[in-house]
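> The structure file work.csv (CSV, C-alpha atoms) is provided below.
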chain,number,residue,atom,x,y,z
H,1,MET,CA,-13.8,39.3,-50.9
H,2,LYS,CA,-15.4,36.1,-49.5
H,3,ARG,CA,-13.4,33.0,-50.2
H,4,VAL,CA,-15.1,29.6,-50.6
H,5,ASP,CA,-12.9,26.5,-50.7
H,6,GLY,CA,-14.8,23.8,-52.6
H,7,ARG,CA,-11.8,21.5,-53.1
H,8,ASN,CA,-11.9,17.8,-52.1
H,9,LEU,CA,-15.7,18.0,-51.9
H,10,ALA,CA,-18.2,15.9,-53.8
H,11,CYS,CA,-21.0,17.5,-55.7
H,12,PRO,CA,-23.1,19.4,-54.8
H,13,LYS,CA,-21.1,20.6,-51.9
H,14,PRO,CA,-19.2,23.3,-53.8
H,15,VAL,CA,-22.4,24.8,-55.0
H,16,ILE,CA,-24.0,24.6,-51.6
H,17,LEU,CA,-21.0,26.3,-50.0
H,18,THR,CA,-21.2,29.0,-52.6
H,19,LYS,CA,-24.9,29.5,-52.0
H,20,GLU,CA,-24.2,29.9,-48.3
H,21,ALA,CA,-21.6,32.5,-49.0
H,22,ILE,CA,-23.7,34.6,-51.3
H,23,SER,CA,-26.8,34.4,-49.1
H,24,ASP,CA,-24.9,36.9,-46.9
H,25,GLU,CA,-25.7,40.1,-48.7
H,26,SER,CA,-22.6,41.7,-47.5
H,27,ASN,CA,-20.6,39.4,-49.7
H,28,ASN,CA,-20.6,41.1,-53.1
H,29,GLN,CA,-17.4,39.6,-54.3
H,30,VAL,CA,-16.6,35.9,-54.0
H,31,GLU,CA,-13.6,33.7,-54.9
H,32,VAL,CA,-14.6,30.1,-55.2
H,33,ILE,CA,-11.9,27.4,-55.5
H,34,VAL,CA,-12.8,24.0,-57.0
H,35,ASP,CA,-10.6,21.2,-58.2
H,36,ASN,CA,-12.7,19.5,-60.9
H,37,ALA,CA,-14.4,20.4,-64.2
H,38,ALA,CA,-18.0,19.5,-63.0
H,39,ALA,CA,-17.7,21.7,-60.0
H,40,LEU,CA,-16.3,24.5,-62.1
H,41,GLU,CA,-19.2,24.5,-64.5
H,42,ASN,CA,-21.8,24.0,-61.7
H,43,VAL,CA,-20.5,26.9,-59.6
H,44,LYS,CA,-20.1,29.2,-62.6
H,45,ARG,CA,-23.7,28.4,-63.7
H,46,PHE,CA,-25.0,28.8,-60.1
H,47,LEU,CA,-23.4,32.2,-59.7
H,48,THR,CA,-24.7,33.4,-63.0
H,49,ASN,CA,-28.2,32.2,-62.1
H,50,PHE,CA,-28.2,33.9,-58.8
H,51,GLY,CA,-27.2,37.4,-59.5
H,52,PHE,CA,-23.4,37.2,-60.0
H,53,GLU,CA,-21.2,37.9,-62.9
H,54,VAL,CA,-18.1,35.7,-63.3
H,55,GLU,CA,-15.3,38.1,-63.8
H,56,LYS,CA,-12.5,35.6,-64.4
H,57,VAL,CA,-11.3,32.1,-63.8
H,58,GLU,CA,-7.7,31.5,-62.9
H,59,GLN,CA,-6.1,28.1,-63.0
H,60,SER,CA,-3.4,27.0,-60.6
H,61,GLY,CA,-2.4,23.4,-61.0
H,62,LYS,CA,-5.6,21.4,-60.9
H,63,ASP,CA,-7.4,24.2,-58.9
H,64,HIS,CA,-9.7,26.7,-60.5
H,65,HIS,CA,-10.3,30.0,-58.8
H,66,ILE,CA,-13.6,31.6,-59.8
H,67,PHE,CA,-13.9,35.3,-59.2
H,68,ALA,CA,-17.4,36.7,-59.3
H,69,ASN,CA,-19.2,40.0,-58.5
H,70,ARG,CA,-22.8,40.6,-57.4
H,71,ILE,CA,-24.7,42.5,-60.1
H,72,ASN,CA,-28.2,41.7,-59.2
H,73,THR,CA,-29.7,41.5,-55.7
H,74,THR,CA,-33.2,40.5,-56.9
H,75,HIS,CA,-33.3,36.8,-57.3
H,76,ASP,CA,-35.6,34.2,-56.0
H,77,GLU,CA,-33.8,31.8,-53.6
H,78,SER,CA,-36.7,29.4,-53.6
H,79,LYS,CA,-35.9,28.6,-57.2
H,80,PHE,CA,-32.7,26.9,-56.1
H,81,ASP,CA,-32.8,23.3,-57.0
H,82,VAL,CA,-29.7,21.3,-56.1
H,83,ASN,CA,-30.5,18.7,-58.7
H,84,GLU,CA,-29.8,21.3,-61.4
H,85,TYR,CA,-26.1,21.1,-60.5
H,86,PRO,CA,-25.3,17.4,-60.9
H,87,CYS,CA,-22.0,15.7,-61.4
H,88,PRO,CA,-21.9,14.3,-64.9
H,89,VAL,CA,-18.5,12.8,-64.2
H,90,PRO,CA,-18.6,9.9,-61.7
H,91,GLN,CA,-16.5,11.0,-58.8
H,92,ALA,CA,-14.6,8.7,-56.5
H,93,THR,CA,-16.6,9.0,-53.3
H,94,PRO,CA,-16.1,7.0,-50.2
H,95,LYS,CA,-18.1,3.8,-50.1
H,96,GLY,CA,-20.6,3.0,-47.4
H,97,LYS,CA,-24.0,4.1,-46.4
H,98,THR,CA,-25.1,7.4,-45.0
H,99,ILE,CA,-27.1,6.9,-41.9
H,100,PHE,CA,-29.7,9.5,-40.8
H,101,PHE,CA,-30.5,9.6,-37.1
H,102,ASN,CA,-33.7,11.5,-36.3
H,103,ASN,CA,-34.2,10.3,-32.8
H,104,GLU,CA,-32.0,9.7,-29.8
H,105,PHE,CA,-33.8,6.4,-29.2
H,106,LEU,CA,-33.7,3.4,-31.5
H,107,GLY,CA,-37.2,2.1,-32.2
H,108,LYS,CA,-40.4,2.9,-30.3
H,109,GLY,CA,-42.0,1.3,-27.3
H,110,ASP,CA,-39.6,1.9,-24.4
H,111,ASP,CA,-37.2,4.8,-24.2
H,112,LYS,CA,-34.8,3.1,-21.8
H,113,LEU,CA,-34.5,0.1,-24.1
H,114,GLY,CA,-34.3,2.5,-27.1
H,115,ALA,CA,-31.4,4.4,-25.5
H,116,LEU,CA,-29.5,1.1,-25.0
H,117,LEU,CA,-30.4,-0.2,-28.4
H,118,MET,CA,-29.0,3.0,-29.9
H,119,LYS,CA,-25.8,2.7,-27.9
H,120,ALA,CA,-25.5,-0.9,-29.0
H,121,PHE,CA,-26.1,0.0,-32.6
H,122,ILE,CA,-23.5,2.7,-32.7
H,123,TYR,CA,-21.0,0.4,-30.9
H,124,THR,CA,-21.7,-2.2,-33.6
H,125,LEU,CA,-21.0,0.3,-36.4
H,126,ASN,CA,-17.4,0.1,-35.3
H,127,GLU,CA,-17.4,-3.6,-35.5
H,128,VAL,CA,-19.1,-4.3,-38.9
H,129,ASP,CA,-17.2,-4.9,-42.1
H,130,ASN,CA,-19.0,-2.1,-44.0
H,131,GLN,CA,-18.3,1.0,-42.2
H,132,PRO,CA,-20.7,3.9,-42.9
H,133,LYS,CA,-19.5,6.8,-44.9
H,134,ARG,CA,-21.5,9.5,-43.1
H,135,LEU,CA,-23.8,10.0,-40.1
H,136,LEU,CA,-26.4,12.7,-39.9
H,137,PHE,CA,-28.0,13.8,-36.7
H,138,MET,CA,-31.2,15.9,-36.4
H,139,ASN,CA,-33.7,16.7,-33.7
H,140,SER,CA,-33.2,14.8,-30.4
H,141,SER,CA,-30.5,12.6,-31.9
H,142,VAL,CA,-28.1,15.5,-31.5
H,143,ARG,CA,-28.0,14.4,-27.9
H,144,LEU,CA,-26.0,11.4,-28.9
H,145,CYS,CA,-23.1,13.6,-29.9
H,146,ILE,CA,-22.7,15.7,-26.8
H,147,GLU,CA,-20.5,15.5,-23.7
H,148,GLY,CA,-21.7,12.8,-21.3
H,149,SER,CA,-23.6,10.8,-24.0
H,150,ILE,CA,-23.2,7.0,-23.7
H,151,THR,CA,-22.7,6.9,-27.5
H,152,LEU,CA,-20.0,9.6,-27.6
H,153,GLU,CA,-16.9,7.5,-27.4
H,154,ASN,CA,-18.0,5.1,-30.1
H,155,LEU,CA,-18.9,8.1,-32.4
H,156,GLN,CA,-15.5,9.6,-31.8
H,157,THR,CA,-13.9,6.3,-32.8
H,158,LEU,CA,-15.9,6.3,-36.0
H,159,GLU,CA,-14.9,9.9,-36.7
H,160,LYS,CA,-11.2,9.0,-36.2
H,161,LYS,CA,-11.7,6.2,-38.8
H,162,GLY,CA,-12.9,8.8,-41.3
H,163,VAL,CA,-16.6,8.7,-41.0
H,164,ASP,CA,-18.1,12.1,-41.7
H,165,ILE,CA,-20.4,13.2,-38.9
H,166,LEU,CA,-22.8,16.1,-39.4
H,167,VAL,CA,-24.9,17.5,-36.5
H,168,CYS,CA,-27.8,19.9,-37.0
H,169,GLY,CA,-26.8,23.3,-35.6
H,170,THR,CA,-30.4,24.4,-35.4
H,171,CYS,CA,-31.3,21.4,-33.3
H,172,LEU,CA,-28.3,21.8,-31.0
H,173,ASP,CA,-29.3,25.4,-30.5
H,174,PHE,CA,-32.9,24.5,-29.8
H,175,PHE,CA,-31.9,22.1,-27.1
H,176,GLY,CA,-29.3,24.5,-25.7
H,177,LEU,CA,-26.5,22.0,-26.5
H,178,THR,CA,-24.3,23.8,-29.0
H,179,GLU,CA,-21.4,24.3,-26.5
H,180,LYS,CA,-21.6,20.6,-25.5
H,181,LEU,CA,-21.0,19.1,-28.9
H,182,LYS,CA,-18.0,16.8,-28.8
H,183,VAL,CA,-18.0,14.9,-32.1
H,184,GLY,CA,-18.7,15.8,-35.7
H,185,LYS,CA,-19.3,19.2,-37.3
H,186,ILE,CA,-22.1,21.6,-36.7
H,187,SER,CA,-24.1,21.5,-39.9
H,188,ASN,CA,-27.2,23.0,-41.4
H,189,MET,CA,-30.2,22.0,-43.5
H,190,TYR,CA,-28.4,22.7,-46.8
H,191,ASP,CA,-25.6,20.3,-46.0
H,192,ILE,CA,-27.8,17.7,-44.5
H,193,ALA,CA,-30.4,17.9,-47.2
H,194,GLY,CA,-27.6,18.0,-49.8
H,195,SER,CA,-26.2,14.8,-48.4
H,196,LEU,CA,-29.6,13.1,-48.2
H,197,THR,CA,-30.4,13.9,-51.8
H,198,ALA,CA,-26.9,13.4,-53.2
H,199,ASP,CA,-25.6,10.3,-51.4
H,200,GLN,CA,-26.1,7.0,-53.0
H,201,ASP,CA,-27.3,4.8,-50.1
H,202,VAL,CA,-29.1,6.5,-47.3
H,203,ILE,CA,-30.9,4.7,-44.4
H,204,THR,CA,-32.9,6.3,-41.6
H,205,ILE,CA,-32.5,4.9,-38.1
M,1,MET,CA,-7.9,-7.7,-19.0
M,2,LYS,CA,-11.2,-7.3,-20.9
M,3,PHE,CA,-14.2,-9.3,-19.9
M,4,VAL,CA,-17.7,-9.9,-21.1
M,5,ILE,CA,-20.6,-10.9,-18.8
M,6,THR,CA,-23.6,-12.5,-20.4
M,7,PHE,CA,-27.1,-12.6,-18.9
M,8,PRO,CA,-30.2,-14.8,-19.2
M,9,SER,CA,-32.3,-11.8,-20.4
M,10,SER,CA,-31.9,-8.2,-21.6
M,11,HIS,CA,-33.7,-6.9,-18.5
M,12,LEU,CA,-31.1,-8.5,-16.3
M,13,ALA,CA,-28.3,-7.0,-18.5
M,14,MET,CA,-29.9,-3.6,-18.2
M,15,HIS,CA,-30.3,-4.0,-14.4
M,16,ALA,CA,-26.7,-5.1,-14.0
M,17,ASN,CA,-25.5,-2.2,-16.1
M,18,LYS,CA,-27.1,0.2,-13.6
M,19,THR,CA,-25.3,-1.5,-10.7
M,20,PHE,CA,-22.0,-1.3,-12.4
M,21,MET,CA,-22.5,2.4,-13.3
M,22,ASN,CA,-22.4,3.1,-9.5
M,23,SER,CA,-19.2,1.1,-9.0
M,24,LYS,CA,-15.5,1.5,-9.8
M,25,ILE,CA,-15.6,-1.3,-12.4
M,26,ILE,CA,-15.8,0.3,-15.8
M,27,CYS,CA,-18.0,-1.5,-18.3
M,28,GLU,CA,-20.5,-0.8,-21.0
M,29,ILE,CA,-23.5,-2.5,-22.4
M,30,ILE,CA,-23.0,-3.9,-25.9
M,31,PRO,CA,-24.7,-6.4,-28.2
M,32,THR,CA,-23.6,-10.0,-27.4
M,33,PRO,CA,-20.8,-10.9,-29.7
M,34,ARG,CA,-21.6,-13.5,-32.3
M,35,GLN,CA,-18.6,-15.6,-31.1
M,36,ILE,CA,-20.6,-16.1,-27.9
M,37,SER,CA,-24.2,-16.3,-29.1
M,38,SER,CA,-26.1,-16.0,-32.3
M,39,GLU,CA,-29.1,-14.7,-30.5
M,40,CYS,CA,-29.8,-11.0,-30.0
M,41,GLY,CA,-29.1,-9.7,-26.6
M,42,PHE,CA,-27.1,-7.4,-24.4
M,43,CYS,CA,-24.0,-8.2,-22.5
M,44,LEU,CA,-21.5,-6.1,-20.5
M,45,LEU,CA,-18.0,-5.4,-21.8
M,46,GLY,CA,-15.4,-4.1,-19.3
M,47,GLU,CA,-11.9,-4.1,-18.2
M,48,ILE,CA,-10.4,-5.3,-14.9
M,49,ASP,CA,-7.0,-6.3,-13.5
M,50,ASP,CA,-8.2,-9.4,-11.5
M,51,ILE,CA,-11.2,-11.4,-12.6
M,52,SER,CA,-11.8,-12.5,-9.0
M,53,THR,CA,-12.7,-8.9,-8.1
M,54,LEU,CA,-15.4,-9.0,-10.7
M,55,LYS,CA,-16.8,-12.4,-9.4
M,56,GLU,CA,-16.8,-11.0,-5.9
M,57,PHE,CA,-18.6,-7.9,-7.0
M,58,ASN,CA,-21.3,-9.9,-8.8
M,59,SER,CA,-21.8,-12.1,-5.7
M,60,LEU,CA,-21.9,-9.1,-3.3
M,61,ASN,CA,-24.4,-7.3,-5.5
M,62,LYS,CA,-26.4,-10.4,-6.2
M,63,ILE,CA,-26.1,-9.9,-9.9
M,64,ASN,CA,-28.0,-12.5,-11.9
M,65,PHE,CA,-25.7,-13.4,-14.8
M,66,ASP,CA,-25.1,-16.3,-17.1
M,67,LYS,CA,-21.3,-16.5,-17.8
M,68,ILE,CA,-18.1,-14.5,-17.6
M,69,TYR,CA,-15.8,-14.5,-20.6
M,70,ILE,CA,-12.2,-13.2,-20.9
M,71,LYS,CA,-11.8,-11.4,-24.2
M,72,LYS,CA,-8.5,-12.2,-26.0
M,73,GLY,CA,-8.5,-10.4,-29.3
M,74,GLU,CA,-11.5,-11.7,-31.2
M,75,LEU,CA,-11.8,-14.8,-29.0
M,76,TYR,CA,-13.8,-15.2,-25.8
M,77,GLU,CA,-12.7,-17.8,-23.2
M,78,GLU,CA,-15.2,-18.8,-20.5
M,79,SER,CA,-13.9,-18.0,-17.1
Could you write out this file's structure as structure tokens?


Amino acid sequence: MKRVDGRNLACPKPVILTKEAISDESNNQVEVIVDNAAALENVKRFLTNFGFEVEKVEQSGKDHHIFANRINTTHDESKFDVNEYPCPVPQATPKGKTIFFNNEFLGKGDDKLGALLMKAFIYTLNEVDNQPKRLLFMNSSVRLCIEGSITLENLQTLEKKGVDILVCGTCLDFFGLTEKLKVGKISNMYDIAGSLTADQDVITI
Amino acid sequence: MKFVITFPSSHLAMHANKTFMNSKIICEIIPTPRQISSECGFCLLGEIDDISTLKEFNSLNKINFDKIYIKKGELYEES
């Protein structure tokens, strides 16, 4: 049985993790653990919509364990819309912006200047009053998170302060840098897109 | 002790950064702190035991800089 731990995660993360688990067709039984009513309803509804039958829900303290079995293998994944699984109850989420980095250089015009501007910007993120909540890295910006990067130390400091750092796994693989990642978590389009569409304040650098 | 070196221009800061990268003096390029200047620009932040070593290095390598500051907490004292 595939176990998915959706505790301590803001919407729609529990649904997204569940979707990842069931996308592996070898997982015909899942146990999803959530810790709030909104996630419980969303995960149950998602499983029902995508070929699973919820067998039972067991409560243990504030945690809900959802047990479900695959009953239908023919469902259209393209119909998944993360917005159908909202959080009606406002959740206490960390404050601060989500910053999306799509390039290793900050600005256009000169890459040497852009590299130093990016370094300076990330350095300054440690100094400003309003610390970001999350940093997302895609395409060439994944280079900022690897061994030897001039931005690495400052990113590691941000991570130690509780900033969530997600680094695109596909991009790391494309550039042959997966083994060199030294900060953040290897992530995927679902997590990154989920964050971009769910987080309150997102800026692109 | 931590030090900051300011420069007349960003180009000179970037040029100095390259020189320091090939030396034993560890420093990094950062935005100029607001306590020093309200203008945008780069400066170098580093750490050294004896500030005279830094001044000697700057002189030997003909580094075109503006001022050297000693960083004490959030304060910067001109050296």

> Would you tabulate, counting all atoms listed in the file, all residues of chain H that have an atom at most 8 Å from an atom of chain M, showing the closest pair of atoms and their distance in Å to one decimal, sorted by chain then ascending number, as a tab-separated table?


residue	atom	partner	partner_atom	distance
H:Leu116	CA	M:Ile29	CA	7.5
H:Lys119	CA	M:Ile30	CA	7.4
H:Ala120	CA	M:Ile30	CA	5.0
H:Phe121	CA	M:Pro31	CA	7.9
H:Tyr123	CA	M:Ile30	CA	6.9
H:Thr124	CA	M:Pro31	CA	7.5

> Just to be explicit: take each residue in the selection above, keep C-alpha atoms, and write the result as a compact mmCIF listing (two decimals), keeping the file's coordinate frame.


# COMPACT_ATOMS: atom_id res chain seq x y z
CA LEU H 116 -29.50 1.10 -25.00
CA LYS H 119 -25.80 2.70 -27.90
CA ALA H 120 -25.50 -0.90 -29.00
CA PHE H 121 -26.10 0.00 -32.60
CA TYR H 123 -21.00 0.40 -30.90
CA THR H 124 -21.70 -2.20 -33.60

> When you draw a straight line from atom CA of Leu45 of chain M to atom CA of Leu60 of chain M, how long is it in Å?

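These atoms are spaced 19.3 Å apart.
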
> Hey, can you pull every residue with an atom no more than 10 Å from (-22.5, -14.9, -27.4), using all atoms listed in the file, and send it as a ChimeraX atom specification?

/M:4-7,31-43,67,69,76

> Between atom CA of Ile70 of chain M and atom CA of Glu153 of chain H, measure the distance and give it in Å to one decimal.

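Between these atoms lies a distance of 22.2 Å.
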
> What does the structure give for the distance between atom CA of Phe46 of chain H and atom CA of Ala10 of chain H, in Å to one decimal?

15.9 Å

> Neighbours of Ile26 of chain M within 8 Å (all atoms listed in the file; same-chain residues fewer than 4 positions away dropped), as a list of chain:residue names?

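That gives M:Phe20, M:Met21, M:Gly46, M:Glu47, M:Ile48.
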
> Those same residues - C-alpha atoms - I'd like them written as a compact mmCIF listing (two decimals), in the frame of the given file.


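That gives us selection.txt:
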# COMPACT_ATOMS: atom_id res chain seq x y z
CA PHE M 20 -22.00 -1.30 -12.40
CA MET M 21 -22.50 2.40 -13.30
CA GLY M 46 -15.40 -4.10 -19.30
CA GLU M 47 -11.90 -4.10 -18.20
CA ILE M 48 -10.40 -5.30 -14.90

> Given all atoms listed in the file as the basis, pick out the residue of H:Lys44, H:Gln29, H:Gly61, H:Asn83 nearest to Thr197 of chain H.

H:Asn83

> Some atoms are missing, so please complete segment 14-25 of chain M with all heavy atoms and return it as a PDB file, in the coordinates of the input.


ATOM      1  N   MET M  14     -29.623  -4.992 -18.398  1.00  0.00           N
ATOM      2  CA  MET M  14     -29.900  -3.600 -18.200  1.00  0.00           C
ATOM      3  C   MET M  14     -29.784  -3.271 -16.659  1.00  0.00           C
ATOM      4  O   MET M  14     -29.239  -2.249 -16.237  1.00  0.00           O
ATOM      5  CB  MET M  14     -31.219  -3.163 -18.732  1.00  0.00           C
ATOM      6  CG  MET M  14     -31.223  -3.154 -20.256  1.00  0.00           C
ATOM      7  SD  MET M  14     -32.866  -3.162 -21.021  1.00  0.00           S
ATOM      8  CE  MET M  14     -33.441  -1.523 -20.646  1.00  0.00           C
ATOM      9  N   HIS M  15     -30.313  -4.180 -15.848  1.00  0.00           N
ATOM     10  CA  HIS M  15     -30.300  -4.000 -14.400  1.00  0.00           C
ATOM     11  C   HIS M  15     -28.843  -4.019 -13.893  1.00  0.00           C
ATOM     12  O   HIS M  15     -28.428  -3.189 -13.088  1.00  0.00           O
ATOM     13  CB  HIS M  15     -31.117  -5.093 -13.733  1.00  0.00           C
ATOM     14  CG  HIS M  15     -31.170  -4.972 -12.250  1.00  0.00           C
ATOM     15  ND1 HIS M  15     -31.914  -4.016 -11.604  1.00  0.00           N
ATOM     16  CD2 HIS M  15     -30.537  -5.678 -11.277  1.00  0.00           C
ATOM     17  CE1 HIS M  15     -31.755  -4.138 -10.301  1.00  0.00           C
ATOM     18  NE2 HIS M  15     -30.928  -5.137 -10.071  1.00  0.00           N
ATOM     19  N   ALA M  16     -28.066  -4.977 -14.390  1.00  0.00           N
ATOM     20  CA  ALA M  16     -26.700  -5.100 -14.000  1.00  0.00           C
ATOM     21  C   ALA M  16     -25.879  -3.864 -14.429  1.00  0.00           C
ATOM     22  O   ALA M  16     -25.005  -3.359 -13.711  1.00  0.00           O
ATOM     23  CB  ALA M  16     -26.035  -6.355 -14.581  1.00  0.00           C
ATOM     24  N   ASN M  17     -26.197  -3.364 -15.608  1.00  0.00           N
ATOM     25  CA  ASN M  17     -25.500  -2.200 -16.100  1.00  0.00           C
ATOM     26  C   ASN M  17     -25.645  -1.011 -15.160  1.00  0.00           C
ATOM     27  O   ASN M  17     -24.685  -0.288 -14.884  1.00  0.00           O
ATOM     28  CB  ASN M  17     -26.111  -1.808 -17.499  1.00  0.00           C
ATOM     29  CG  ASN M  17     -25.401  -0.635 -18.162  1.00  0.00           C
ATOM     30  OD1 ASN M  17     -24.180  -0.612 -18.251  1.00  0.00           O
ATOM     31  ND2 ASN M  17     -26.160   0.336 -18.624  1.00  0.00           N
ATOM     32  N   LYS M  18     -26.845  -0.853 -14.622  1.00  0.00           N
ATOM     33  CA  LYS M  18     -27.100   0.200 -13.600  1.00  0.00           C
ATOM     34  C   LYS M  18     -26.231   0.023 -12.405  1.00  0.00           C
ATOM     35  O   LYS M  18     -25.676   0.969 -11.847  1.00  0.00           O
ATOM     36  CB  LYS M  18     -28.551   0.247 -13.225  1.00  0.00           C
ATOM     37  CG  LYS M  18     -29.449   1.089 -14.077  1.00  0.00           C
ATOM     38  CD  LYS M  18     -30.793   1.250 -13.406  1.00  0.00           C
ATOM     39  CE  LYS M  18     -31.757   1.862 -14.377  1.00  0.00           C
ATOM     40  NZ  LYS M  18     -33.131   1.782 -13.936  1.00  0.00           N
ATOM     41  N   THR M  19     -26.130  -1.219 -11.941  1.00  0.00           N
ATOM     42  CA  THR M  19     -25.300  -1.500 -10.700  1.00  0.00           C
ATOM     43  C   THR M  19     -23.870  -1.183 -10.979  1.00  0.00           C
ATOM     44  O   THR M  19     -23.205  -0.581 -10.141  1.00  0.00           O
ATOM     45  CB  THR M  19     -25.483  -2.998 -10.351  1.00  0.00           C
ATOM     46  OG1 THR M  19     -26.864  -3.332 -10.264  1.00  0.00           O
ATOM     47  CG2 THR M  19     -24.801  -3.292  -9.026  1.00  0.00           C
ATOM     48  N   PHE M  20     -23.367  -1.576 -12.125  1.00  0.00           N
ATOM     49  CA  PHE M  20     -22.000  -1.300 -12.400  1.00  0.00           C
ATOM     50  C   PHE M  20     -21.685   0.185 -12.606  1.00  0.00           C
ATOM     51  O   PHE M  20     -20.581   0.652 -12.324  1.00  0.00           O
ATOM     52  CB  PHE M  20     -21.533  -2.047 -13.709  1.00  0.00           C
ATOM     53  CG  PHE M  20     -21.118  -3.468 -13.464  1.00  0.00           C
ATOM     54  CD1 PHE M  20     -21.997  -4.511 -13.672  1.00  0.00           C
ATOM     55  CD2 PHE M  20     -19.835  -3.756 -13.010  1.00  0.00           C
ATOM     56  CE1 PHE M  20     -21.614  -5.826 -13.437  1.00  0.00           C
ATOM     57  CE2 PHE M  20     -19.450  -5.061 -12.771  1.00  0.00           C
ATOM     58  CZ  PHE M  20     -20.338  -6.108 -12.980  1.00  0.00           C
ATOM     59  N   MET M  21     -22.693   0.926 -13.075  1.00  0.00           N
ATOM     60  CA  MET M  21     -22.500   2.400 -13.300  1.00  0.00           C
ATOM     61  C   MET M  21     -22.182   3.064 -11.963  1.00  0.00           C
ATOM     62  O   MET M  21     -21.528   4.099 -11.942  1.00  0.00           O
ATOM     63  CB  MET M  21     -23.754   2.985 -13.915  1.00  0.00           C
ATOM     64  CG  MET M  21     -23.771   2.851 -15.422  1.00  0.00           C
ATOM     65  SD  MET M  21     -25.338   3.287 -16.179  1.00  0.00           S
ATOM     66  CE  MET M  21     -25.363   5.046 -15.972  1.00  0.00           C
ATOM     67  N   ASN M  22     -22.654   2.496 -10.848  1.00  0.00           N
ATOM     68  CA  ASN M  22     -22.400   3.100  -9.500  1.00  0.00           C
ATOM     69  C   ASN M  22     -21.157   2.509  -8.868  1.00  0.00           C
ATOM     70  O   ASN M  22     -20.939   2.709  -7.685  1.00  0.00           O
ATOM     71  CB  ASN M  22     -23.614   2.878  -8.624  1.00  0.00           C
ATOM     72  CG  ASN M  22     -24.827   3.617  -9.157  1.00  0.00           C
ATOM     73  OD1 ASN M  22     -24.699   4.712  -9.674  1.00  0.00           O
ATOM     74  ND2 ASN M  22     -25.996   3.006  -9.041  1.00  0.00           N
ATOM     75  N   SER M  23     -20.388   1.742  -9.621  1.00  0.00           N
ATOM     76  CA  SER M  23     -19.200   1.100  -9.000  1.00  0.00           C
ATOM     77  C   SER M  23     -17.934   1.621  -9.695  1.00  0.00           C
ATOM     78  O   SER M  23     -17.994   2.442 -10.613  1.00  0.00           O
ATOM     79  CB  SER M  23     -19.287  -0.417  -9.258  1.00  0.00           C
ATOM     80  OG  SER M  23     -18.944  -0.714 -10.598  1.00  0.00           O
ATOM     81  N   LYS M  24     -16.800   1.078  -9.247  1.00  0.00           N
ATOM     82  CA  LYS M  24     -15.500   1.500  -9.800  1.00  0.00           C
ATOM     83  C   LYS M  24     -15.139   0.614 -11.021  1.00  0.00           C
ATOM     84  O   LYS M  24     -14.122   0.857 -11.675  1.00  0.00           O
ATOM     85  CB  LYS M  24     -14.415   1.424  -8.773  1.00  0.00           C
ATOM     86  CG  LYS M  24     -14.535   2.519  -7.726  1.00  0.00           C
ATOM     87  CD  LYS M  24     -13.421   2.449  -6.705  1.00  0.00           C
ATOM     88  CE  LYS M  24     -13.642   3.531  -5.654  1.00  0.00           C
ATOM     89  NZ  LYS M  24     -12.706   3.445  -4.543  1.00  0.00           N
ATOM     90  N   ILE M  25     -15.922  -0.416 -11.268  1.00  0.00           N
ATOM     91  CA  ILE M  25     -15.600  -1.300 -12.400  1.00  0.00           C
ATOM     92  C   ILE M  25     -16.217  -0.680 -13.654  1.00  0.00           C
ATOM     93  O   ILE M  25     -17.429  -0.481 -13.742  1.00  0.00           O
ATOM     94  CB  ILE M  25     -16.189  -2.722 -12.177  1.00  0.00           C
ATOM     95  CG1 ILE M  25     -15.615  -3.326 -10.901  1.00  0.00           C
ATOM     96  CG2 ILE M  25     -15.883  -3.616 -13.380  1.00  0.00           C
ATOM     97  CD1 ILE M  25     -16.188  -4.688 -10.542  1.00  0.00           C
TER      98      ILE M  25
END
